[in-house]
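Engineer: For reference, this is work26.txt, and it has compact mmCIF, C-alpha atoms.
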```
# COMPACT_ATOMS: atom_id res chain seq x y z
CA MET A 1 -63.44 49.69 21.55
CA GLU A 2 -64.63 46.69 23.50
CA PRO A 3 -61.91 44.68 25.25
CA ILE A 4 -62.66 41.48 23.38
CA VAL A 5 -62.17 43.25 20.04
CA ALA A 6 -58.82 44.68 21.15
CA TYR A 7 -57.61 41.33 22.47
CA SER A 8 -58.77 39.60 19.29
CA LEU A 9 -56.63 41.98 17.25
CA VAL A 10 -53.58 41.22 19.40
CA LEU A 11 -54.28 37.48 19.12
CA SER A 12 -54.58 37.89 15.37
CA ALA A 13 -51.11 39.48 15.37
CA VAL A 14 -49.77 36.52 17.38
CA LEU A 15 -51.30 34.04 14.91
CA PHE A 16 -49.90 35.91 11.92
CA THR A 17 -46.42 35.99 13.48
CA MET A 18 -46.52 32.25 14.12
CA GLY A 19 -47.56 31.66 10.51
CA VAL A 20 -44.70 33.82 9.21
CA LEU A 21 -42.29 31.95 11.47
CA ALA A 22 -43.53 28.58 10.23
CA VAL A 23 -43.12 29.64 6.61
CA LEU A 24 -39.68 31.19 7.13
CA ALA A 25 -38.02 28.73 9.48
CA ARG A 26 -39.36 25.23 8.85
CA ARG A 27 -38.21 23.30 5.83
CA ASN A 28 -41.09 20.87 5.40
CA PRO A 29 -43.58 22.14 2.78
CA ILE A 30 -46.60 20.72 4.61
CA ILE A 31 -45.65 22.67 7.75
CA MET A 32 -45.23 25.74 5.55
CA PHE A 33 -48.77 25.19 4.30
CA MET A 34 -49.99 25.04 7.88
CA GLY A 35 -48.23 28.37 8.43
CA ILE A 36 -50.15 29.86 5.51
CA GLU A 37 -53.36 28.52 7.09
CA LEU A 38 -52.41 30.25 10.34
CA MET A 39 -51.91 33.56 8.51
CA LEU A 40 -55.27 33.23 6.74
CA ASN A 41 -56.93 32.53 10.08
CA ALA A 42 -55.30 35.62 11.56
CA ALA A 43 -56.75 37.72 8.75
CA ASN A 44 -60.18 36.15 9.27
CA LEU A 45 -60.05 36.81 13.00
CA ALA A 46 -59.20 40.46 12.37
CA PHE A 47 -62.06 40.75 9.86
CA ILE A 48 -64.55 39.33 12.33
CA ALA A 49 -63.25 41.50 15.18
CA PHE A 50 -63.74 44.61 13.04
CA SER A 51 -67.16 43.33 12.01
CA ARG A 52 -68.11 43.18 15.70
CA HIS A 53 -66.55 46.60 16.35
CA LEU A 54 -68.34 48.34 13.48
CA ASP A 55 -71.63 46.42 13.92
CA LYS A 56 -71.62 45.53 10.24
CA LEU A 57 -71.80 42.10 8.63
CA ASP A 58 -69.48 42.72 5.68
CA GLY A 59 -66.43 41.39 7.50
CA GLN A 60 -68.14 38.09 8.22
CA VAL A 61 -69.17 37.63 4.58
CA ILE A 62 -65.62 38.36 3.41
CA ALA A 63 -64.25 35.88 5.97
CA LEU A 64 -66.62 33.24 4.62
CA ILE A 65 -65.39 33.82 1.07
CA PHE A 66 -61.78 33.68 2.32
CA MET A 67 -62.48 30.23 3.72
CA ALA A 68 -63.46 29.00 0.25
CA VAL A 69 -60.28 30.51 -1.21
CA ALA A 70 -58.20 28.85 1.53
CA ALA A 71 -59.76 25.47 0.73
CA ALA A 72 -58.90 25.92 -2.96
CA GLU A 73 -55.33 26.91 -2.10
CA VAL A 74 -54.82 23.89 0.17
CA ALA A 75 -56.19 21.48 -2.44
CA ILE A 76 -53.84 22.76 -5.16
CA GLY A 77 -50.80 23.00 -2.87
CA LEU A 78 -51.15 19.52 -1.43
CA ALA A 79 -51.65 18.09 -4.92
CA ILE A 80 -48.37 19.71 -5.98
CA ILE A 81 -46.56 18.45 -2.87
CA VAL A 82 -47.85 14.90 -3.31
CA SER A 83 -46.86 14.85 -6.97
CA ILE A 84 -43.36 16.19 -6.14
CA TYR A 85 -43.04 13.49 -3.49
CA ARG A 86 -44.13 10.81 -5.93
CA TYR A 87 -41.51 11.95 -8.41
CA ARG A 88 -38.55 12.53 -6.08
CA ARG A 89 -39.37 10.47 -2.94
CA ASP A 90 -38.34 13.54 -0.95
CA VAL A 91 -39.98 16.86 -0.15
CA ASP A 92 -37.19 18.95 1.32
CA VAL A 93 -37.89 22.45 0.02
CA ASP A 94 -34.20 23.32 -0.14
CA ALA A 95 -33.58 20.35 -2.43
CA VAL A 96 -36.49 20.93 -4.79
CA ASN A 97 -34.92 23.57 -7.00
CA VAL A 98 -35.39 22.18 -10.49
CA LEU A 99 -38.63 22.86 -12.30
CA ARG A 100 -38.08 20.53 -15.24
CA GLY A 101 -39.53 17.09 -14.58
CA MET B 1 -71.36 32.20 38.67
CA SER B 2 -72.62 35.08 36.62
CA ALA B 3 -72.70 35.04 32.84
CA ASP B 4 -69.77 37.44 32.61
CA THR B 5 -67.54 35.15 34.67
CA ILE B 6 -68.36 32.20 32.42
CA ILE B 7 -67.60 34.26 29.32
CA ILE B 8 -64.24 35.32 30.77
CA ILE B 9 -63.39 31.71 31.65
CA TYR B 10 -64.15 30.60 28.08
CA TRP B 11 -62.19 33.56 26.76
CA TRP B 12 -59.05 32.44 28.63
CA LEU B 13 -59.61 28.84 27.55
CA PHE B 14 -59.83 29.78 23.86
CA THR B 15 -56.82 32.11 24.12
CA ILE B 16 -54.67 29.38 25.67
CA ALA B 17 -55.83 26.89 23.01
CA VAL B 18 -55.01 29.28 20.17
CA VAL B 19 -51.59 30.32 21.46
CA LEU B 20 -50.45 26.83 22.47
CA GLY B 21 -51.76 25.35 19.23
CA ALA B 22 -49.92 27.92 17.13
CA VAL B 23 -46.67 27.47 19.06
CA GLY B 24 -46.97 23.69 18.75
CA THR B 25 -47.57 23.96 15.01
CA VAL B 26 -44.39 25.94 14.57
CA SER B 27 -42.17 24.00 16.95
CA LEU B 28 -43.20 20.33 17.12
CA ARG B 29 -40.83 17.92 15.45
CA SER B 30 -43.31 15.32 14.26
CA LEU B 31 -45.38 16.40 11.29
CA TYR B 32 -48.46 14.57 12.52
CA HIS B 33 -48.27 16.19 15.97
CA ALA B 34 -47.94 19.60 14.34
CA ALA B 35 -51.12 18.95 12.32
CA LEU B 36 -53.05 17.90 15.44
CA SER B 37 -51.78 20.98 17.25
CA LEU B 38 -53.05 23.12 14.38
CA VAL B 39 -56.47 21.48 14.86
CA VAL B 40 -56.46 22.67 18.50
CA CYS B 41 -55.52 26.17 17.35
CA LEU B 42 -58.30 26.30 14.74
CA ALA B 43 -60.87 25.09 17.30
CA GLY B 44 -59.80 27.92 19.61
CA VAL B 45 -60.25 30.42 16.78
CA ALA B 46 -63.76 29.02 16.24
CA GLY B 47 -64.45 29.68 19.93
CA TYR B 48 -63.29 33.25 19.46
CA TYR B 49 -65.75 33.59 16.58
CA VAL B 50 -68.56 32.57 18.95
CA LEU B 51 -67.43 35.18 21.47
CA LEU B 52 -67.40 37.79 18.69
CA ASN B 53 -71.05 37.03 17.76
CA ALA B 54 -70.19 35.15 14.56
CA GLU B 55 -71.86 31.81 15.21
CA PHE B 56 -72.27 30.93 11.53
CA LEU B 57 -68.58 31.56 10.90
CA ALA B 58 -67.70 29.39 13.91
CA ALA B 59 -69.70 26.49 12.47
CA ALA B 60 -68.14 27.08 9.04
CA GLN B 61 -64.68 27.17 10.61
CA ILE B 62 -65.22 23.80 12.28
CA ILE B 63 -66.77 22.21 9.19
CA ILE B 64 -64.41 23.64 6.56
CA TYR B 65 -61.10 23.94 8.39
CA ILE B 66 -61.19 21.09 10.91
CA GLY B 67 -63.47 18.85 8.91
CA ALA B 68 -62.12 19.32 5.41
CA ILE B 69 -58.78 21.12 5.22
CA MET B 70 -57.08 19.40 8.14
CA VAL B 71 -58.27 15.97 6.99
CA LEU B 72 -56.76 16.80 3.60
CA VAL B 73 -53.47 17.84 5.23
CA ILE B 74 -53.31 14.72 7.39
CA SER B 75 -54.03 12.45 4.43
CA ALA B 76 -51.26 14.20 2.48
CA ILE B 77 -48.94 13.49 5.43
CA LEU B 78 -49.97 9.84 5.31
CA VAL B 79 -49.40 9.62 1.55
CA SER B 80 -45.88 10.98 1.90
CA GLU B 81 -45.18 8.90 4.98
CA ASN B 82 -41.45 8.76 4.40
CA ILE B 83 -41.07 12.16 6.01
CA MET B 84 -42.94 11.06 9.12
CA GLY B 85 -40.70 8.25 10.28
CA ARG B 86 -37.35 9.62 9.22
CA GLN B 87 -35.53 12.07 11.45
CA ILE B 88 -34.97 15.13 9.33
CA VAL B 89 -33.47 18.48 10.16
CA MET B 90 -36.37 20.50 11.47
CA VAL B 91 -35.42 24.06 10.62
CA ASN B 92 -33.35 25.55 7.88
CA ARG B 93 -30.18 27.57 8.32
CA LEU B 94 -31.94 30.90 8.66
CA VAL B 95 -33.82 30.21 11.89
CA TRP B 96 -32.37 33.14 13.86
CA PRO B 97 -32.96 35.76 11.14
CA ALA B 98 -36.48 34.33 10.78
CA LEU B 99 -37.09 34.71 14.53
CA VAL B 100 -35.83 38.30 14.49
CA ALA B 101 -37.88 39.20 11.40
CA SER B 102 -41.13 37.76 12.73
CA GLY B 103 -40.57 39.34 16.16
CA ALA B 104 -40.08 42.73 14.50
CA LEU B 105 -43.22 42.14 12.44
CA PHE B 106 -45.18 41.36 15.60
CA CYS B 107 -43.93 44.52 17.32
CA ILE B 108 -44.84 46.65 14.29
CA MET B 109 -48.35 45.16 14.12
CA VAL B 110 -49.06 45.64 17.83
CA TYR B 111 -47.63 49.18 17.78
CA ALA B 112 -49.78 50.14 14.78
CA ASN B 113 -52.78 48.59 16.50
CA MET B 114 -52.18 50.59 19.68
CA ARG B 115 -51.62 53.88 17.86
CA THR B 116 -54.62 53.72 15.53
CA VAL B 117 -57.86 55.41 16.53
CA TYR B 118 -60.52 53.19 15.02
CA ALA B 119 -63.68 54.61 13.50
CA PHE B 120 -66.98 54.06 15.19
CA ASN B 121 -70.18 53.21 13.36
CA PRO B 122 -73.04 55.14 14.97
CA GLU B 123 -75.81 53.30 13.14
CA GLY B 124 -75.12 49.71 13.96
CA GLN B 125 -77.43 47.14 12.44
CA TRP B 126 -76.78 44.36 14.92
CA LEU B 127 -79.27 41.63 15.71
CA GLU B 128 -78.82 38.78 18.11
CA SER B 129 -78.83 36.03 15.49
CA ASN B 130 -77.17 37.14 12.28
CA VAL B 131 -77.35 33.94 10.22
CA ARG B 132 -80.36 35.23 8.33
CA GLN B 133 -78.58 38.52 7.61
CA ILE B 134 -75.51 36.69 6.31
CA GLY B 135 -77.73 34.69 3.97
CA TRP B 136 -79.41 37.84 2.72
CA SER B 137 -76.16 39.65 2.06
CA LEU B 138 -74.66 36.62 0.28
CA MET B 139 -77.68 36.43 -1.99
CA ALA B 140 -78.22 40.16 -2.48
CA THR B 141 -75.17 42.37 -1.92
CA TYR B 142 -72.32 39.93 -2.40
CA THR B 143 -73.71 37.64 -5.09
CA LEU B 144 -70.83 38.18 -7.50
CA PRO B 145 -67.99 37.39 -5.02
CA PHE B 146 -69.94 34.36 -3.85
CA GLU B 147 -70.30 33.00 -7.38
CA VAL B 148 -66.68 33.79 -8.22
CA ALA B 149 -65.53 31.96 -5.07
CA SER B 150 -67.55 28.88 -5.96
CA LEU B 151 -66.17 28.93 -9.52
CA LEU B 152 -62.63 29.29 -8.15
CA LEU B 153 -63.16 26.36 -5.79
CA PHE B 154 -64.47 24.21 -8.64
CA MET B 155 -61.54 25.06 -10.89
CA ALA B 156 -59.01 24.49 -8.09
CA LEU B 157 -60.42 21.05 -7.25
CA MET B 158 -60.39 20.03 -10.91
CA GLY B 159 -56.79 21.21 -11.17
CA ALA B 160 -55.82 19.31 -8.03
CA ILE B 161 -57.27 16.10 -9.44
CA ILE B 162 -55.42 16.60 -12.72
CA ILE B 163 -52.10 17.43 -11.02
CA SER B 164 -52.09 14.55 -8.56
CA ARG B 165 -53.48 11.91 -10.94
CA ARG B 166 -51.12 9.00 -11.45
CA GLU B 167 -50.07 8.86 -15.08
CA LYS B 168 -50.54 5.43 -16.60
CA PRO B 169 -47.98 4.45 -19.23
CA GLY B 170 -49.62 4.42 -22.64
CA ASP B 171 -52.22 7.03 -21.82
```
Could you show the structure in this file as structure tokens?
Structural biologist:
Amino acid sequence: MEPIVAYSLVLSAVLFTMGVLAVLARRNPIIMFMGIELMLNAANLAFIAFSRHLDKLDGQVIALIFMAVAAAEVAIGLAIIVSIYRYRRDVDVDAVNVLRG
Amino acid sequence: MSADTIIIIYWWLFTIAVVLGAVGTVSLRSLYHAALSLVVCLAGVAGYYVLLNAEFLAAAQIIIYIGAIMVLVISAILVSENIMGRQIVMVNRLVWPALVASGALFCIMVYANMRTVYAFNPEGQWLESNVRQIGWSLMATYTLPFEVASLLLFMALMGAIIISRREKPGD
């Protein structure tokens, strides 16, 4: 295994850990969304590292499709956050515990 | 300087950008600063894609993530600007269990990575520029996932417009 592939996998683990930490420990939903973006980027980095290691392009194509899915997820999530903010004037995730509008 | 030295210098640069950007995203108090720090991190990941021979993915990363997704996130921060100025409690009560859990997760991932013997592909199909190959495989092998992803994106954007639309009284 080439050194850059091995280091990319370790860096992908670092990114994923930071994303998990952002989702678990912060209480602002927009920061939690950024944590989800970090985790998706970690998965993409691992896909591309394995694509380089195996000399096959499938990992890059899957990473490209993941980017489209991440864009869809961010659009929906931010729309929900903005509409919660408009209704409650507050987006503390510990306080938003009622689904009925 | 030889080409290898330059590559190693860029490698360190991108690694520092990714790690510092990720740490800043998790730990900065201001929401806007955290978003800008995430931009630095994503740019470093794009640099890693270049080093891993994925130039098309690097361009897509910069255009989609930095150009579209982060602009969306920053405009959402601006719309809900109340949370920017006010001093709020940054972390919730479970910050130490969260630190322990994510540290354990990191150790498990690195340990599994060290212990695994990865397969080797003897018949590699690598070319120097693989943009043409990506286009061929999107249009030939992976046509169905490509179409499904575009349909999903369309539906998600329509849903986002409907969710965040301001309801007029009497509609």
Engineer: Give one line per residue of range 2-101 of chain A that approaches range 126-147 of chain B to at most 10 Å, naming the two atoms of the closest pair and their distance in Å to one decimal, counting all atoms listed in the file; sort by chain then ascending residue number and deliver it as JSON lines.
Structural biologist:
```
{"residue": "A:Arg52", "atom": "CA", "partner": "B:Trp126", "partner_atom": "CA", "distance": 8.8}
{"residue": "A:Leu54", "atom": "CA", "partner": "B:Trp126", "partner_atom": "CA", "distance": 9.4}
{"residue": "A:Asp55", "atom": "CA", "partner": "B:Trp126", "partner_atom": "CA", "distance": 5.6}
{"residue": "A:Lys56", "atom": "CA", "partner": "B:Trp126", "partner_atom": "CA", "distance": 7.1}
{"residue": "A:Leu57", "atom": "CA", "partner": "B:Ile134", "partner_atom": "CA", "distance": 7.0}
{"residue": "A:Asp58", "atom": "CA", "partner": "B:Ser137", "partner_atom": "CA", "distance": 8.2}
{"residue": "A:Gln60", "atom": "CA", "partner": "B:Ile134", "partner_atom": "CA", "distance": 7.7}
{"residue": "A:Val61", "atom": "CA", "partner": "B:Ile134", "partner_atom": "CA", "distance": 6.6}
{"residue": "A:Ile62", "atom": "CA", "partner": "B:Pro145", "partner_atom": "CA", "distance": 8.8}
{"residue": "A:Leu64", "atom": "CA", "partner": "B:Phe146", "partner_atom": "CA", "distance": 9.2}
{"residue": "A:Ile65", "atom": "CA", "partner": "B:Phe146", "partner_atom": "CA", "distance": 6.7}
{"residue": "A:Ala68", "atom": "CA", "partner": "B:Phe146", "partner_atom": "CA", "distance": 9.4}
```
Engineer: Interatomic distance between CA of Ile74 in chain B and CA of Asn28 in chain A?
Structural biologist: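 Between these atoms lies a distance of 13.8 Å.
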Engineer: Using only C-alpha atoms, which of the listed residues (B:Ile8, B:Ala17, B:Leu151, B:Phe106) sits closest to chain A?
Structural biologist: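 Of B:Ile8, B:Ala17, B:Leu151, B:Phe106, the one nearest chain A, counting only C-alpha atoms, is B:Phe106.
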Engineer: Once 3 Å is added on each side, what are the centre and the three edge lengths, in Å to one decimal, of the axis-aligned box enclosing the listed atoms of range 35-50 of chain A? Present them as JSON.
Structural biologist:
```
{"center_x": -56.4, "center_y": 36.5, "center_z": 10.3, "size_x": 22.3, "size_y": 22.2, "size_z": 15.7}
```
Engineer: Just give me the gap between CA of Ala3 in chain B and CA of Met114 in chain B in Å, one decimal is fine.
Structural biologist: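 Calculated distance between CA of Ala3 in chain B and CA of Met114 in chain B is 28.9 Å.
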Engineer: Take CA of Val19 in chain B and CA of Ala46 in chain B and report the distance between them in Å, one decimal.
Structural biologist: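 That distance, rounded to one decimal, is 13.3 Å.
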Engineer: Show me, as a tab-separated table, the residues of chain A having an atom within 8 Å of chain B, each with the closest atom pair and its distance in Å, using all atoms listed in the file.
Structural biologist:
```
residue	atom	partner	partner_atom	distance
A:Met1	CA	B:Tyr118	CA	8.0
A:Ile4	CA	B:Leu52	CA	7.6
A:Val5	CA	B:Leu52	CA	7.7
A:Ser8	CA	B:Tyr48	CA	7.8
A:Leu9	CA	B:Asn113	CA	7.7
A:Val10	CA	B:Val110	CA	6.5
A:Leu11	CA	B:Thr15	CA	7.8
A:Ala13	CA	B:Phe106	CA	6.2
A:Val14	CA	B:Phe106	CA	6.9
A:Leu15	CA	B:Ala22	CA	6.7
A:Thr17	CA	B:Ser102	CA	5.6
A:Met18	CA	B:Ala22	CA	6.3
A:Gly19	CA	B:Val26	CA	7.7
A:Val20	CA	B:Ser102	CA	6.4
A:Leu21	CA	B:Ser102	CA	6.1
A:Ala22	CA	B:Val26	CA	5.2
A:Leu24	CA	B:Ala98	CA	5.8
A:Ala25	CA	B:Val95	CA	5.1
A:Arg26	CA	B:Val91	CA	4.5
A:Arg27	CA	B:Val91	CA	5.6
A:Asn28	CA	B:Met90	CA	7.7
A:Ile30	CA	B:Val73	CA	7.5
A:Ile31	CA	B:Leu31	CA	7.2
A:Met34	CA	B:Leu38	CA	7.4
A:Gly35	CA	B:Val26	CA	7.6
A:Leu38	CA	B:Ala22	CA	7.6
A:Asn41	CA	B:Val45	CA	7.8
A:Leu45	CA	B:Val45	CA	7.4
A:Ile48	CA	B:Leu52	CA	7.1
A:Ala49	CA	B:Leu52	CA	6.6
A:Arg52	CA	B:Leu52	CA	6.2
A:His53	CA	B:Phe120	CA	7.6
A:Leu54	CA	B:Asn121	CA	5.2
A:Asp55	CA	B:Gly124	CA	4.8
A:Lys56	CA	B:Gln125	CA	6.4
A:Leu57	CA	B:Ile134	CA	7.0
A:Gln60	CA	B:Leu57	CA	7.1
A:Val61	CA	B:Ile134	CA	6.6
A:Ala63	CA	B:Leu57	CA	7.9
A:Leu64	CA	B:Leu57	CA	6.8
A:Ile65	CA	B:Ala149	CA	6.4
A:Met67	CA	B:Ile64	CA	7.4
A:Ala68	CA	B:Ala149	CA	6.4
A:Val69	CA	B:Ala149	CA	6.7
A:Ala71	CA	B:Ile69	CA	6.3
A:Ala72	CA	B:Leu153	CA	5.1
A:Glu73	CA	B:Ala156	CA	7.4
A:Val74	CA	B:Ile69	CA	7.0
A:Ala75	CA	B:Ala160	CA	6.0
A:Ile76	CA	B:Ala160	CA	4.9
A:Leu78	CA	B:Ala76	CA	6.6
A:Ala79	CA	B:Ser164	CA	5.1
A:Ile80	CA	B:Ile163	CA	6.7
A:Val82	CA	B:Ala76	CA	6.8
A:Ser83	CA	B:Ser164	CA	5.5
A:Tyr85	CA	B:Ser80	CA	6.6
A:Arg89	CA	B:Asn82	CA	7.8
A:Asp90	CA	B:Ile83	CA	7.6
A:Val91	CA	B:Ile83	CA	7.8
```
Engineer: Go ahead and save the residues from that selection, with C-alpha atoms, as an mmCIF file, in the coordinates of the input.
Structural biologist:
```cif
data_model
loop_
_atom_site.group_PDB
_atom_site.id
_atom_site.type_symbol
_atom_site.label_atom_id
_atom_site.label_comp_id
_atom_site.auth_asym_id
_atom_site.auth_seq_id
_atom_site.Cartn_x
_atom_site.Cartn_y
_atom_site.Cartn_z
ATOM 1 C CA MET A 1 -63.440 49.690 21.550
ATOM 2 C CA ILE A 4 -62.660 41.480 23.380
ATOM 3 C CA VAL A 5 -62.170 43.250 20.040
ATOM 4 C CA SER A 8 -58.770 39.600 19.290
ATOM 5 C CA LEU A 9 -56.630 41.980 17.250
ATOM 6 C CA VAL A 10 -53.580 41.220 19.400
ATOM 7 C CA LEU A 11 -54.280 37.480 19.120
ATOM 8 C CA ALA A 13 -51.110 39.480 15.370
ATOM 9 C CA VAL A 14 -49.770 36.520 17.380
ATOM 10 C CA LEU A 15 -51.300 34.040 14.910
ATOM 11 C CA THR A 17 -46.420 35.990 13.480
ATOM 12 C CA MET A 18 -46.520 32.250 14.120
ATOM 13 C CA GLY A 19 -47.560 31.660 10.510
ATOM 14 C CA VAL A 20 -44.700 33.820 9.210
ATOM 15 C CA LEU A 21 -42.290 31.950 11.470
ATOM 16 C CA ALA A 22 -43.530 28.580 10.230
ATOM 17 C CA LEU A 24 -39.680 31.190 7.130
ATOM 18 C CA ALA A 25 -38.020 28.730 9.480
ATOM 19 C CA ARG A 26 -39.360 25.230 8.850
ATOM 20 C CA ARG A 27 -38.210 23.300 5.830
ATOM 21 C CA ASN A 28 -41.090 20.870 5.400
ATOM 22 C CA ILE A 30 -46.600 20.720 4.610
ATOM 23 C CA ILE A 31 -45.650 22.670 7.750
ATOM 24 C CA MET A 34 -49.990 25.040 7.880
ATOM 25 C CA GLY A 35 -48.230 28.370 8.430
ATOM 26 C CA LEU A 38 -52.410 30.250 10.340
ATOM 27 C CA ASN A 41 -56.930 32.530 10.080
ATOM 28 C CA LEU A 45 -60.050 36.810 13.000
ATOM 29 C CA ILE A 48 -64.550 39.330 12.330
ATOM 30 C CA ALA A 49 -63.250 41.500 15.180
ATOM 31 C CA ARG A 52 -68.110 43.180 15.700
ATOM 32 C CA HIS A 53 -66.550 46.600 16.350
ATOM 33 C CA LEU A 54 -68.340 48.340 13.480
ATOM 34 C CA ASP A 55 -71.630 46.420 13.920
ATOM 35 C CA LYS A 56 -71.620 45.530 10.240
ATOM 36 C CA LEU A 57 -71.800 42.100 8.630
ATOM 37 C CA GLN A 60 -68.140 38.090 8.220
ATOM 38 C CA VAL A 61 -69.170 37.630 4.580
ATOM 39 C CA ALA A 63 -64.250 35.880 5.970
ATOM 40 C CA LEU A 64 -66.620 33.240 4.620
ATOM 41 C CA ILE A 65 -65.390 33.820 1.070
ATOM 42 C CA MET A 67 -62.480 30.230 3.720
ATOM 43 C CA ALA A 68 -63.460 29.000 0.250
ATOM 44 C CA VAL A 69 -60.280 30.510 -1.210
ATOM 45 C CA ALA A 71 -59.760 25.470 0.730
ATOM 46 C CA ALA A 72 -58.900 25.920 -2.960
ATOM 47 C CA GLU A 73 -55.330 26.910 -2.100
ATOM 48 C CA VAL A 74 -54.820 23.890 0.170
ATOM 49 C CA ALA A 75 -56.190 21.480 -2.440
ATOM 50 C CA ILE A 76 -53.840 22.760 -5.160
ATOM 51 C CA LEU A 78 -51.150 19.520 -1.430
ATOM 52 C CA ALA A 79 -51.650 18.090 -4.920
ATOM 53 C CA ILE A 80 -48.370 19.710 -5.980
ATOM 54 C CA VAL A 82 -47.850 14.900 -3.310
ATOM 55 C CA SER A 83 -46.860 14.850 -6.970
ATOM 56 C CA TYR A 85 -43.040 13.490 -3.490
ATOM 57 C CA ARG A 89 -39.370 10.470 -2.940
ATOM 58 C CA ASP A 90 -38.340 13.540 -0.950
ATOM 59 C CA VAL A 91 -39.980 16.860 -0.150
#
```
